>>> print(open('structure_37.cif').read())   # mmCIF, C-alpha atoms
data_target
loop_
_atom_site.label_atom_id
_atom_site.label_comp_id
_atom_site.auth_asym_id
_atom_site.auth_seq_id
_atom_site.Cartn_x
_atom_site.Cartn_y
_atom_site.Cartn_z
CA MET A 1 34.67 102.02 82.65
CA SER A 2 35.15 99.74 85.59
CA SER A 3 37.00 97.25 83.41
CA GLN A 4 39.34 99.99 82.14
CA LEU A 5 40.06 101.11 85.70
CA ASP A 6 40.79 97.52 86.71
CA ASP A 7 43.21 97.24 83.82
CA VAL A 8 45.02 100.44 84.85
CA ILE A 9 45.27 99.31 88.49
CA ALA A 10 46.46 95.86 87.45
CA SER A 11 49.03 97.41 85.11
CA GLU A 12 50.30 99.75 87.86
CA ARG A 13 50.54 96.83 90.27
CA ARG A 14 52.47 94.83 87.71
CA GLU A 15 54.86 97.74 87.11
CA ARG A 16 55.25 98.38 90.80
CA SER A 17 55.86 94.75 91.55
CA THR A 18 58.37 94.41 88.68
CA GLY A 19 60.15 97.52 89.94
CA ASP A 20 60.10 96.23 93.50
CA VAL A 21 61.45 92.85 92.47
CA PHE A 22 64.25 94.60 90.59
CA LEU A 23 65.11 96.73 93.62
CA VAL A 24 65.07 93.74 95.97
CA TRP A 25 67.33 91.72 93.66
CA ASN A 26 69.56 94.71 93.02
CA ARG A 27 70.13 94.97 96.78
CA ARG A 28 70.61 91.24 97.12
CA LEU A 29 73.01 91.15 94.20
CA HIS A 30 75.05 93.88 95.91
CA TYR A 31 75.70 91.94 99.06
CA PHE A 32 75.63 88.48 97.52
CA LEU A 33 78.46 89.52 95.20
CA GLY A 34 80.24 91.31 98.03
CA LEU A 35 80.14 88.23 100.27
CA TYR A 36 81.14 85.80 97.51
CA LEU A 37 84.04 87.95 96.31
CA LEU A 38 85.21 88.86 99.82
CA PHE A 39 88.41 86.77 99.85
CA PHE A 40 89.32 87.74 96.28
CA CYS A 41 88.84 91.43 97.16
CA TRP A 42 90.97 91.14 100.27
CA LEU A 43 93.73 89.44 98.29
CA PHE A 44 93.83 92.06 95.52
CA VAL A 45 93.39 95.01 97.87
CA PHE A 46 96.07 93.88 100.32
CA THR A 47 98.58 92.82 97.66
CA GLY A 48 97.97 96.11 95.83
CA LEU A 49 99.13 97.85 98.98
CA LEU A 50 102.18 95.57 99.23
CA LEU A 51 103.10 96.17 95.58
CA ASN A 52 102.95 99.92 96.13
CA HIS A 53 105.17 99.61 99.22
CA SER A 54 107.77 97.13 98.09
CA ARG A 55 110.24 98.48 100.66
CA TRP A 56 108.22 97.15 103.57
CA GLN A 57 110.61 94.70 105.18
CA PHE A 58 108.06 92.24 106.57
CA ALA A 59 106.76 91.44 103.07
CA GLN A 60 110.13 90.88 101.39
CA TYR A 61 110.16 87.61 99.50
CA TRP A 62 112.85 87.60 96.80
CA PRO A 63 115.86 87.88 99.18
CA ASN A 64 114.27 85.18 101.35
CA ARG A 65 113.67 82.69 98.55
CA ALA A 66 114.90 79.12 98.76
CA GLN A 67 117.07 78.35 95.74
CA ILE A 68 118.00 74.88 94.55
CA THR A 69 119.96 74.09 91.40
CA THR A 70 119.81 70.60 89.97
CA GLU A 71 121.20 68.88 86.90
CA HIS A 72 119.09 66.51 84.83
CA GLU A 73 119.51 64.30 81.83
CA PHE A 74 116.70 64.20 79.34
CA GLN A 75 115.61 62.58 76.14
CA VAL A 76 116.18 65.16 73.44
CA PRO A 77 112.79 66.20 72.03
CA GLU A 78 112.27 65.78 68.32
CA ALA A 79 112.56 68.83 66.10
CA ALA A 80 109.51 70.93 66.91
CA PRO A 81 108.64 74.53 67.77
CA ASP A 82 110.31 75.75 70.98
CA ILE A 83 107.01 75.70 72.90
CA GLU A 84 106.52 71.99 72.11
CA ARG A 85 110.09 71.21 73.14
CA ALA A 86 109.64 73.15 76.36
CA ARG A 87 106.44 71.23 77.14
CA ASP A 88 108.18 67.93 76.46
CA LEU A 89 111.03 68.88 78.81
CA MET A 90 108.60 70.02 81.52
CA ARG A 91 106.84 66.66 81.25
CA GLN A 92 110.17 64.86 81.63
CA PHE A 93 111.19 67.01 84.63
CA GLY A 94 107.73 66.79 86.24
CA ILE A 95 107.16 70.53 86.45
CA ALA A 96 104.12 72.62 85.55
CA GLY A 97 103.44 76.32 85.14
CA GLU A 98 103.36 79.22 82.77
CA ILE A 99 106.23 79.29 80.27
CA GLN A 100 108.03 82.61 79.96
CA TRP A 101 110.51 83.12 77.17
CA PRO A 102 113.51 85.39 77.60
CA ALA A 103 114.79 87.61 74.79
CA PRO A 104 115.45 85.66 71.57
CA GLN A 105 118.56 83.48 71.90
CA PRO A 106 121.25 83.16 69.23
CA ALA A 107 121.00 80.06 67.01
CA GLY A 108 122.64 77.03 68.58
CA ALA A 109 122.35 78.33 72.14
CA ALA A 110 120.81 76.21 74.90
CA LEU A 111 117.02 76.18 75.07
CA ALA A 112 116.34 78.55 77.97
CA PHE A 113 112.99 79.42 79.49
CA GLN A 114 111.27 80.09 82.81
CA VAL A 115 108.41 78.12 84.28
CA ASN A 116 106.38 80.37 86.58
CA ARG A 117 103.57 79.80 88.98
CA PRO A 118 102.76 81.89 92.04
CA GLY A 119 105.36 80.96 94.63
CA GLN A 120 107.74 79.23 92.28
CA VAL A 121 110.07 80.31 89.49
CA ILE A 122 112.07 77.62 87.70
CA GLU A 123 114.74 78.60 85.23
CA VAL A 124 115.42 75.85 82.74
CA LYS A 125 118.55 75.77 80.60
CA ALA A 126 118.59 72.70 78.35
CA ASP A 127 121.50 71.77 76.11
CA LEU A 128 119.77 69.91 73.29
CA ALA A 129 123.06 68.62 71.92
CA SER A 130 124.21 66.86 75.09
CA GLY A 131 120.80 66.07 76.57
CA ARG A 132 121.65 67.73 79.88
CA ALA A 133 119.70 70.49 81.61
CA THR A 134 120.15 72.77 84.59
CA LEU A 135 117.08 73.64 86.62
CA GLN A 136 117.31 76.53 89.04
CA ARG A 137 114.30 76.41 91.29
CA ASN A 138 113.28 79.46 93.37
CA ASP A 139 110.65 78.82 96.03
CA LEU A 140 109.05 81.98 97.41
CA ASN A 141 107.42 82.54 100.78
CA ALA A 142 103.74 83.32 101.39
CA TRP A 143 104.25 87.04 100.66
CA GLY A 144 105.75 86.10 97.30
CA ILE A 145 102.81 83.82 96.50
CA MET A 146 100.31 86.57 97.36
CA GLN A 147 102.03 89.24 95.30
CA ALA A 148 102.46 86.89 92.35
CA LEU A 149 98.73 86.10 92.42
CA HIS A 150 98.03 89.83 91.94
CA THR A 151 99.95 89.95 88.68
CA PHE A 152 99.71 86.38 87.41
CA THR A 153 98.14 86.87 83.97
CA GLY A 154 100.60 85.13 81.65
CA VAL A 155 100.50 88.01 79.18
CA ARG A 156 101.96 91.46 78.92
CA ALA A 157 101.00 94.21 76.50
CA ALA A 158 103.40 94.47 73.55
CA ASP A 159 105.10 91.16 74.45
CA THR A 160 104.44 89.04 71.40
CA ARG A 161 106.85 86.27 72.40
CA ASN A 162 104.86 85.20 75.44
CA ALA A 163 101.29 83.98 75.41
CA ARG A 164 99.15 82.35 78.07
CA ASP A 165 99.96 78.64 77.81
CA TRP A 166 98.95 77.04 81.11
CA THR A 167 95.32 76.15 81.74
CA LEU A 168 95.44 77.31 85.35
CA THR A 169 96.72 80.74 84.27
CA SER A 170 93.62 81.05 82.10
CA VAL A 171 91.42 79.98 85.03
CA TRP A 172 93.05 82.57 87.29
CA ALA A 173 92.78 85.25 84.58
CA LEU A 174 89.09 84.40 84.27
CA SER A 175 88.63 84.77 88.02
CA MET A 176 90.36 88.19 87.86
CA ASP A 177 87.89 89.20 85.15
CA ALA A 178 85.02 87.92 87.27
CA VAL A 179 86.16 89.89 90.33
CA ALA A 180 86.53 93.06 88.24
CA ALA A 181 83.10 92.56 86.63
CA GLY A 182 81.58 91.81 90.04
CA LEU A 183 82.99 95.03 91.50
CA ILE A 184 81.63 97.06 88.57
CA VAL A 185 78.18 95.54 89.10
CA MET A 186 78.43 96.31 92.83
CA VAL A 187 79.27 99.95 92.11
CA PHE A 188 76.26 100.41 89.84
CA SER A 189 73.92 98.52 92.16
CA SER A 190 75.07 100.81 94.98
CA TYR A 191 74.15 103.87 92.88
CA ILE A 192 70.62 102.52 92.49
CA MET A 193 70.29 101.78 96.22
CA TRP A 194 71.63 105.21 97.17
CA TYR A 195 69.33 107.03 94.72
CA ARG A 196 66.34 105.41 96.41
CA LEU A 197 67.32 106.99 99.75
CA LYS A 198 65.94 110.50 99.34
CA ALA A 199 67.35 111.70 102.67
CA LYS A 200 70.87 110.70 101.63
CA ARG A 201 70.84 112.11 98.13
CA ARG A 202 72.51 115.44 98.87
CA GLY A 203 75.32 113.96 100.99
CA GLY A 204 75.73 111.19 98.46
CA ILE A 205 76.06 113.62 95.58
CA VAL A 206 78.80 115.47 97.48
CA ALA A 207 80.69 112.23 98.19
CA LEU A 208 80.29 110.97 94.62
CA LEU A 209 81.33 114.33 93.14
CA LEU A 210 84.42 114.46 95.34
CA GLY A 211 85.35 110.97 94.17
CA CYS A 212 84.66 111.76 90.51
CA ILE A 213 86.63 115.02 90.60
CA SER A 214 89.66 113.58 92.40
CA CYS A 215 89.75 110.43 90.28
CA GLY A 216 88.71 112.10 87.01
CA ALA A 217 91.50 114.66 87.40
CA PHE A 218 94.01 111.84 87.07
CA VAL A 219 92.23 109.82 84.40
CA ALA A 220 91.21 112.57 82.01
CA GLY A 221 91.99 115.94 83.53
CA LEU A 222 95.74 115.77 83.14
CA ARG A 223 95.57 115.19 79.40
CA TRP A 224 93.44 118.31 78.97
CA LEU A 225 95.93 120.36 80.93
CA ILE A 226 98.76 119.51 78.53
CA MET B 227 73.82 99.42 119.12
CA ARG B 228 71.25 100.99 116.82
CA ARG B 229 73.35 104.17 116.72
CA LEU B 230 76.44 102.20 115.73
CA TYR B 231 74.45 100.49 112.97
CA LEU B 232 73.19 103.81 111.58
CA ILE B 233 76.63 105.44 111.68
CA THR B 234 78.22 102.41 110.01
CA ARG B 235 75.53 102.39 107.33
CA ASP B 236 76.07 106.07 106.54
CA LEU B 237 79.85 105.70 106.46
CA HIS B 238 79.53 102.61 104.24
CA LEU B 239 77.32 104.61 101.86
CA TYR B 240 79.36 107.82 101.69
CA CYS B 241 82.78 106.16 101.66
CA GLY B 242 81.51 103.77 98.98
CA LEU B 243 80.21 106.60 96.81
CA PHE B 244 83.48 108.54 97.14
CA LEU B 245 85.45 105.41 96.36
CA SER B 246 83.30 104.21 93.46
CA PRO B 247 85.17 106.05 90.64
CA PHE B 248 88.46 104.64 91.92
CA VAL B 249 86.99 101.13 92.07
CA LEU B 250 85.79 101.58 88.47
CA VAL B 251 89.26 102.71 87.36
CA PHE B 252 90.97 99.75 89.01
CA SER B 253 88.31 97.28 87.83
CA VAL B 254 88.08 98.39 84.19
CA SER B 255 91.88 98.46 83.89
CA VAL B 256 91.95 94.81 85.02
CA PHE B 257 90.50 93.76 81.65
CA TYR B 258 93.28 95.62 79.83
CA LEU B 259 95.96 94.15 82.07
CA VAL B 260 94.68 90.57 82.12
CA HIS B 261 94.33 90.40 78.35
CA GLY B 262 97.26 92.64 77.38
CA PHE B 263 94.96 95.07 75.55
CA ALA B 264 96.80 98.28 76.38
CA GLN B 265 99.32 98.47 73.56
CA ARG B 266 101.39 101.55 74.19
CA PRO B 267 103.35 102.69 71.16
CA ALA B 268 106.38 104.69 72.26
CA PRO B 269 106.66 108.21 70.91
CA GLY B 270 108.31 107.90 67.50
CA ALA B 271 109.47 109.93 64.55
CA SER B 272 105.93 110.69 63.40
CA ASP B 273 105.02 112.42 66.67
CA THR B 274 105.33 116.09 67.50
CA SER B 275 108.94 116.89 68.23
CA ARG B 276 110.91 120.01 69.13
CA THR B 277 114.53 120.74 69.90
CA VAL B 278 115.34 123.24 72.64
CA VAL B 279 118.57 124.72 73.98
CA ILE B 280 118.94 123.86 77.67
CA LEU B 281 120.01 126.48 80.18
CA GLY B 282 121.50 125.42 83.46
CA LEU B 283 122.12 121.72 82.93
CA PRO B 284 123.87 120.49 86.10
CA PRO B 285 127.53 119.78 85.23
CA ASP B 286 127.60 116.48 87.15
CA ILE B 287 124.39 115.14 85.61
CA VAL B 288 126.20 112.16 84.04
CA ARG B 289 127.82 111.09 87.30
CA LEU B 290 124.61 111.25 89.32
CA GLN B 291 122.54 108.12 89.74
CA GLY B 292 118.97 107.15 90.66
CA ARG B 293 116.78 109.66 92.43
CA ALA B 294 119.55 112.27 92.63
CA ARG B 295 119.79 112.31 88.83
CA VAL B 296 116.02 112.55 88.44
CA ASP B 297 115.88 115.42 90.93
CA ALA B 298 118.70 117.20 89.08
CA LEU B 299 116.80 116.82 85.80
CA ARG B 300 113.57 118.23 87.22
CA PRO B 301 114.50 121.92 86.63
CA VAL B 302 115.50 121.00 83.07
CA LEU B 303 112.13 119.37 82.49
CA GLU B 304 110.38 122.42 83.92
CA GLN B 305 112.36 124.62 81.56
CA LEU B 306 111.24 122.39 78.67
CA ASP B 307 107.66 122.58 79.97
CA VAL B 308 107.53 118.81 80.33
CA GLN B 309 105.36 117.59 83.19
CA GLY B 310 104.96 114.17 84.66
CA GLU B 311 106.67 111.23 86.26
CA VAL B 312 110.19 110.36 85.12
CA ASP B 313 110.05 106.64 84.38
CA PHE B 314 113.81 106.12 84.39
CA VAL B 315 116.94 107.73 82.93
CA ARG B 316 119.03 105.86 80.36
CA HIS B 317 122.56 107.04 79.69
CA VAL B 318 123.73 106.43 76.10
CA ALA B 319 127.40 107.22 76.64
CA SER B 320 128.37 106.65 73.00
CA GLU B 321 125.97 109.42 71.89
CA HIS B 322 126.51 111.67 74.93
CA ARG B 323 122.81 111.53 75.58
CA LEU B 324 120.42 110.95 78.43
CA ILE B 325 117.09 109.46 77.40
CA VAL B 326 114.36 110.45 79.84
CA PRO B 327 110.84 109.03 79.37
CA VAL B 328 108.33 111.19 81.23
CA ARG B 329 104.80 109.92 81.70
CA LEU B 330 101.39 111.18 82.66
CA PRO B 331 98.22 109.11 82.50
CA GLY B 332 97.43 109.09 78.78
CA HIS B 333 100.47 111.11 77.70
CA ASP B 334 104.06 110.06 77.01
CA THR B 335 107.03 112.33 76.44
CA ILE B 336 110.58 111.31 75.64
CA VAL B 337 113.26 113.87 76.35
CA SER B 338 116.60 113.20 74.74
CA VAL B 339 119.23 115.38 76.39
CA ASP B 340 122.46 115.97 74.48
CA TYR B 341 124.63 117.04 77.41
CA ASP B 342 127.63 118.01 75.25
CA ASN B 343 125.71 120.41 73.01
CA ARG B 344 123.24 121.30 75.77
CA THR B 345 120.18 120.68 73.67
CA ALA B 346 117.12 118.53 74.26
CA THR B 347 114.76 116.94 71.79
CA VAL B 348 111.25 116.57 73.17
CA THR B 349 108.90 114.08 71.50
CA SER B 350 105.43 113.50 72.84
CA ARG B 351 102.36 111.42 72.14
CA HIS B 352 98.86 111.13 73.55
CA GLN B 353 97.91 107.59 74.55
CA SER B 354 94.49 105.99 74.80
CA LEU B 355 92.16 106.19 77.77
CA GLY B 356 92.82 102.48 78.35
CA ASP B 357 96.52 103.22 78.67
CA ALA B 358 95.78 105.97 81.20
CA LEU B 359 93.75 103.51 83.30
CA VAL B 360 96.47 100.86 83.11
CA TYR B 361 99.15 103.38 84.02
CA LEU B 362 97.22 104.52 87.08
CA HIS B 363 96.53 100.90 88.08
CA LYS B 364 100.25 100.12 88.05
CA MET B 365 101.45 103.29 89.78
CA PRO B 366 103.51 103.60 91.92
CA GLY B 367 104.11 99.84 91.78
CA PRO B 368 107.07 97.70 92.78
CA HIS B 369 109.54 98.72 90.07
CA ASN B 370 112.16 101.50 90.13
CA VAL B 371 111.26 102.15 93.76
CA ASP B 372 114.19 104.51 94.17
CA VAL B 373 112.85 107.01 91.64
CA ARG B 374 109.11 106.33 91.78
CA GLY B 375 106.94 109.19 93.01
CA ASN B 376 109.34 111.81 91.66
CA SER B 377 106.44 113.98 90.43
CA ARG B 378 103.73 115.57 92.54
CA ILE B 379 101.14 113.82 90.39
CA ILE B 380 102.27 110.30 91.20
CA GLY B 381 103.06 111.32 94.78
CA LEU B 382 99.43 112.35 95.17
CA TRP B 383 98.15 109.30 93.31
CA ARG B 384 100.15 107.11 95.72
CA VAL B 385 98.19 108.66 98.61
CA LEU B 386 94.88 108.13 96.80
CA ALA B 387 95.76 104.53 95.85
CA ASP B 388 96.60 103.79 99.50
CA ALA B 389 93.40 105.52 100.61
CA THR B 390 91.47 103.33 98.16
CA VAL B 391 92.93 100.23 99.80
CA TYR B 392 92.17 101.33 103.37
CA LEU B 393 88.68 102.53 102.48
CA LEU B 394 87.95 99.30 100.60
CA LEU B 395 89.00 97.32 103.66
CA PHE B 396 86.64 99.46 105.71
CA ILE B 397 83.87 99.00 103.14
CA THR B 398 84.21 95.20 103.22
CA LEU B 399 84.27 95.03 107.02
CA SER B 400 81.37 97.46 107.43
CA GLY B 401 79.51 95.55 104.71
CA ILE B 402 79.88 92.33 106.69
CA TYR B 403 78.60 94.11 109.81
CA LEU B 404 75.59 95.49 107.93
CA TRP B 405 74.83 92.08 106.43
CA THR B 406 74.82 90.41 109.87
CA ALA B 407 72.00 92.76 110.84
CA LEU B 408 69.82 91.27 108.07
CA ARG B 409 68.60 88.18 109.87
CA ALA B 410 66.63 86.86 106.90
CA GLU B 411 69.74 86.88 104.71
CA ARG B 412 72.18 85.33 107.16
CA ARG B 413 71.95 81.75 105.95
CA ILE B 414 72.34 82.54 102.24
CA GLY B 415 75.09 85.01 103.11
CA LEU B 416 77.01 82.37 105.03
CA VAL B 417 76.63 79.95 102.13
CA LEU B 418 78.02 82.59 99.76
CA ILE B 419 80.98 83.43 102.01
CA LEU B 420 81.72 79.72 102.29
CA ALA B 421 81.36 79.22 98.52
CA GLY B 422 83.65 82.20 97.90
CA ALA B 423 86.21 80.88 100.39
CA VAL B 424 86.17 77.40 98.82
CA THR B 425 86.55 78.87 95.31
CA PHE B 426 89.34 81.21 96.40
CA TRP B 427 91.38 78.77 98.48
CA GLY B 428 90.76 75.98 95.98
CA LEU B 429 92.11 78.10 93.14
CA VAL B 430 95.08 79.32 95.17
CA TYR B 431 95.85 75.75 96.20
CA VAL B 432 95.85 74.29 92.68
CA ILE B 433 97.76 77.21 91.18
CA ALA B 434 100.37 77.72 93.85
CA ALA B 435 100.73 74.30 95.50
#
>>> encode(input="structure_37.cif", output="structure tokens")
Amino acid sequence: MSSQLDDVIASERRERSTGDVFLVWNRRLHYFLGLYLLFFCWLFVFTGLLLNHSRWQFAQYWPNRAQITTEHEFQVPEAAPDIERARDLMRQFGIAGEIQWPAPQPAGAALAFQVNRPGQVIEVKADLASGRATLQRNDLNAWGIMQALHTFTGVRAADTRNARDWTLTSVWALSMDAVAAGLIVMVFSSYIMWYRLKAKRRGGIVALLLGCISCGAFVAGLRWLI
Amino acid sequence: MRRLYLITRDLHLYCGLFLSPFVLVFSVSVFYLVHGFAQRPAPGASDTSRTVVILGLPPDIVRLQGRARVDALRPVLEQLDVQGEVDFVRHVASEHRLIVPVRLPGHDTIVSVDYDNRTATVTSRHQSLGDALVYLHKMPGPHNVDVRGNSRIIGLWRVLADATVYLLLFITLSGIYLWTALRAERRIGLVLILAGAVTFWGLVYVIAA
């Protein structure tokens, strides 16, 4: 009998301690993630505001860009897919970034593409017949760099011509994923912490419901109304 | 001091709970945006379509531009029972038509107005939940600033998106304040802030420098 009771107590202790450890680490995870992702959050939050208020004069960057156009001679790349030719030319011109292709060009036209990185847009127009290229380089200010970082993914839905082709774009895309995943984890860890606070449950339910109703109305509610 | 701590903690909790669905919308949509998942087929021939006679089409609709043209089209859209944000208006002069894409989160409508015959063809399509999230993430956004926010829906969403930003700034600052009160966690917290700063500035430096 005594042995059975000991087993029950030991089992309860184990459960309680496992639960406690989970709660402690859930709380820690909440603020560890919050502190680690702080600068990323500030960047995306602040630039989100700027993108939604593109008329704000202080954050204008495109009219204030520095533009330089230069002419270059180059060794004509061997016959290869356009992406390989573009990479060869970029190597020759000493530029790096994400390649963006414009709309398909007619046959025989100059090889034209953009090389983008936050803060810099270079338009390359290379005449493969003469071996001469024009590079138009646009250098953006700090506001331009910040806003470009918000949207710098290298891909767009339904744009089959452009794919992510620069390693650093992939790294940045990965960090965007990590920030998003971190925020999702923080939201759910906050639900657990709040639920443990019995005195705050009622107020919390009201706040959460208000958020769910106002946000849910836009996400799902509108499609039911139509 | 203790009172300030308690008030901050409560505000952090309640603001965070209110904000959490918005944070989830913006965070989940990031995966769609970063990986180009949200393919949005435009309404096509296979979608539900109807042709309606328009009453009261403004006579100068072709000459109007930008927001003025969108505002002039609003009564027409109401007559057609089409709700949502006008994306833009494209004038196809050769066909005497105005093409007006109207969007709601998860629902696209294309209204083709034949201003000579005073008829409109309305084609609509439901989009995926992912598309709705992406649309909300991008709205109002930096494009077509002149016409953006032409519907009450996006006008209201603009307010909520701004509120999300300001509340998130408050949440981060109040979170830092609450963390400083946890003496036992100060050292590890400082290490994490420093690690986050090094990662962030390091990445920004190599990508943008």
>>> interface_residues(input="structure_37.cif", of="chain A", to="chain B", cutoff="8 Å", atoms="all atoms listed in the file", output="PDB file with C-alpha atoms, keeping the file's coordinate frame")
ATOM      1  CA  TYR A  31      75.700  91.940  99.060  1.00  0.00           C
ATOM      2  CA  PHE A  32      75.630  88.480  97.520  1.00  0.00           C
ATOM      3  CA  GLY A  34      80.240  91.310  98.030  1.00  0.00           C
ATOM      4  CA  LEU A  35      80.140  88.230 100.270  1.00  0.00           C
ATOM      5  CA  TYR A  36      81.140  85.800  97.510  1.00  0.00           C
ATOM      6  CA  LEU A  37      84.040  87.950  96.310  1.00  0.00           C
ATOM      7  CA  LEU A  38      85.210  88.860  99.820  1.00  0.00           C
ATOM      8  CA  PHE A  39      88.410  86.770  99.850  1.00  0.00           C
ATOM      9  CA  PHE A  40      89.320  87.740  96.280  1.00  0.00           C
ATOM     10  CA  TRP A  42      90.970  91.140 100.270  1.00  0.00           C
ATOM     11  CA  VAL A  45      93.390  95.010  97.870  1.00  0.00           C
ATOM     12  CA  PHE A  46      96.070  93.880 100.320  1.00  0.00           C
ATOM     13  CA  GLY A  48      97.970  96.110  95.830  1.00  0.00           C
ATOM     14  CA  LEU A  49      99.130  97.850  98.980  1.00  0.00           C
ATOM     15  CA  LEU A  51     103.100  96.170  95.580  1.00  0.00           C
ATOM     16  CA  ASN A  52     102.950  99.920  96.130  1.00  0.00           C
ATOM     17  CA  HIS A  53     105.170  99.610  99.220  1.00  0.00           C
ATOM     18  CA  SER A  54     107.770  97.130  98.090  1.00  0.00           C
ATOM     19  CA  ARG A  55     110.240  98.480 100.660  1.00  0.00           C
ATOM     20  CA  ARG A 117     103.570  79.800  88.980  1.00  0.00           C
ATOM     21  CA  PRO A 118     102.760  81.890  92.040  1.00  0.00           C
ATOM     22  CA  GLY A 119     105.360  80.960  94.630  1.00  0.00           C
ATOM     23  CA  GLN A 120     107.740  79.230  92.280  1.00  0.00           C
ATOM     24  CA  ILE A 145     102.810  83.820  96.500  1.00  0.00           C
ATOM     25  CA  THR A 153      98.140  86.870  83.970  1.00  0.00           C
ATOM     26  CA  VAL A 155     100.500  88.010  79.180  1.00  0.00           C
ATOM     27  CA  ARG A 156     101.960  91.460  78.920  1.00  0.00           C
ATOM     28  CA  ALA A 157     101.000  94.210  76.500  1.00  0.00           C
ATOM     29  CA  ALA A 158     103.400  94.470  73.550  1.00  0.00           C
ATOM     30  CA  LEU A 168      95.440  77.310  85.350  1.00  0.00           C
ATOM     31  CA  THR A 169      96.720  80.740  84.270  1.00  0.00           C
ATOM     32  CA  TRP A 172      93.050  82.570  87.290  1.00  0.00           C
ATOM     33  CA  ALA A 173      92.780  85.250  84.580  1.00  0.00           C
ATOM     34  CA  MET A 176      90.360  88.190  87.860  1.00  0.00           C
ATOM     35  CA  ASP A 177      87.890  89.200  85.150  1.00  0.00           C
ATOM     36  CA  ALA A 180      86.530  93.060  88.240  1.00  0.00           C
ATOM     37  CA  ALA A 181      83.100  92.560  86.630  1.00  0.00           C
ATOM     38  CA  LEU A 183      82.990  95.030  91.500  1.00  0.00           C
ATOM     39  CA  ILE A 184      81.630  97.060  88.570  1.00  0.00           C
ATOM     40  CA  VAL A 187      79.270  99.950  92.110  1.00  0.00           C
ATOM     41  CA  SER A 190      75.070 100.810  94.980  1.00  0.00           C
ATOM     42  CA  TYR A 191      74.150 103.870  92.880  1.00  0.00           C
ATOM     43  CA  TRP A 194      71.630 105.210  97.170  1.00  0.00           C
ATOM     44  CA  GLY A 203      75.320 113.960 100.990  1.00  0.00           C
ATOM     45  CA  GLY A 204      75.730 111.190  98.460  1.00  0.00           C
ATOM     46  CA  ALA A 207      80.690 112.230  98.190  1.00  0.00           C
ATOM     47  CA  LEU A 208      80.290 110.970  94.620  1.00  0.00           C
ATOM     48  CA  LEU A 209      81.330 114.330  93.140  1.00  0.00           C
ATOM     49  CA  LEU A 210      84.420 114.460  95.340  1.00  0.00           C
ATOM     50  CA  GLY A 211      85.350 110.970  94.170  1.00  0.00           C
ATOM     51  CA  CYS A 212      84.660 111.760  90.510  1.00  0.00           C
ATOM     52  CA  CYS A 215      89.750 110.430  90.280  1.00  0.00           C
ATOM     53  CA  GLY A 216      88.710 112.100  87.010  1.00  0.00           C
ATOM     54  CA  PHE A 218      94.010 111.840  87.070  1.00  0.00           C
ATOM     55  CA  VAL A 219      92.230 109.820  84.400  1.00  0.00           C
ATOM     56  CA  ALA A 220      91.210 112.570  82.010  1.00  0.00           C
ATOM     57  CA  LEU A 222      95.740 115.770  83.140  1.00  0.00           C
ATOM     58  CA  ARG A 223      95.570 115.190  79.400  1.00  0.00           C
TER      59      ARG A 223
END
>>> resolve_selection(input="structure_37.cif", expression="the PyMOL selection byres ((chain A and resi 132) around 6)", output="list in words")
His72, Glu73, Asp127, Ser130, Gly131 and Ala133 of chain A
>>> resolve_selection(input="structure_37.cif", expression="the PyMOL selection byres ((chain A and resi 150) around 8)", output="ChimeraX atom specification")
/A:43-44,47-48,146-149,151-152
>>> write_last_selection(input="structure_37.cif", atoms="C-alpha atoms", output="PDB file, keeping the file's coordinate frame")
ATOM      1  CA  LEU A  43      93.730  89.440  98.290  1.00  0.00           C
ATOM      2  CA  PHE A  44      93.830  92.060  95.520  1.00  0.00           C
ATOM      3  CA  THR A  47      98.580  92.820  97.660  1.00  0.00           C
ATOM      4  CA  GLY A  48      97.970  96.110  95.830  1.00  0.00           C
ATOM      5  CA  MET A 146     100.310  86.570  97.360  1.00  0.00           C
ATOM      6  CA  GLN A 147     102.030  89.240  95.300  1.00  0.00           C
ATOM      7  CA  ALA A 148     102.460  86.890  92.350  1.00  0.00           C
ATOM      8  CA  LEU A 149      98.730  86.100  92.420  1.00  0.00           C
ATOM      9  CA  THR A 151      99.950  89.950  88.680  1.00  0.00           C
ATOM     10  CA  PHE A 152      99.710  86.380  87.410  1.00  0.00           C
TER      11      PHE A 152
END
>>> residues_near_point(input="structure_37.cif", point="(119.6, 81.2, 92.6)", cutoff="9 Å", atoms="all atoms listed in the file", output="compact mmCIF listing (two decimals) with C-alpha atoms, in the coordinates of the input")
# COMPACT_ATOMS: atom_id res chain seq x y z
CA ARG A 65 113.67 82.69 98.55
CA ALA A 66 114.90 79.12 98.76
CA GLN A 67 117.07 78.35 95.74
CA ILE A 68 118.00 74.88 94.55
CA THR A 69 119.96 74.09 91.40
CA GLN A 136 117.31 76.53 89.04
CA ARG A 137 114.30 76.41 91.29
CA ASN A 138 113.28 79.46 93.37
>>> residues_around(input="structure_37.cif", residues="B:Val348", least_positions_apart="2", cutoff="12 Å", atoms="all atoms listed in the file", output="PyMOL selection string")
chain B and resi 269-271+273-280+302-303+305-309+324-328+334-340+345-346+350-351
>>> residues_around(input="structure_37.cif", residues="A:Pro77", least_positions_apart="2", cutoff="9 Å", atoms="all atoms listed in the file", output="ChimeraX atom specification")
/A:74-75,79-80,84-86,88-89,128
>>> residues_around(input="structure_37.cif", residues="A:Arg161", least_positions_apart="3", cutoff="12 Å", atoms="only C-alpha atoms", output="list of chain:residue names")
A:Asp82, A:Ile83, A:Ile99, A:Gln100, A:Trp101, A:Pro102, A:Ala103, A:Pro104, A:Phe113, A:Gly154, A:Val155, A:Arg156, A:Ala157, A:Ala158, A:Arg164, A:Asp165
>>> atom_distance(input="structure_37.cif", atom1="atom CA of A:Gly19", atom2="atom CA of A:Ile192")
11.9 Å
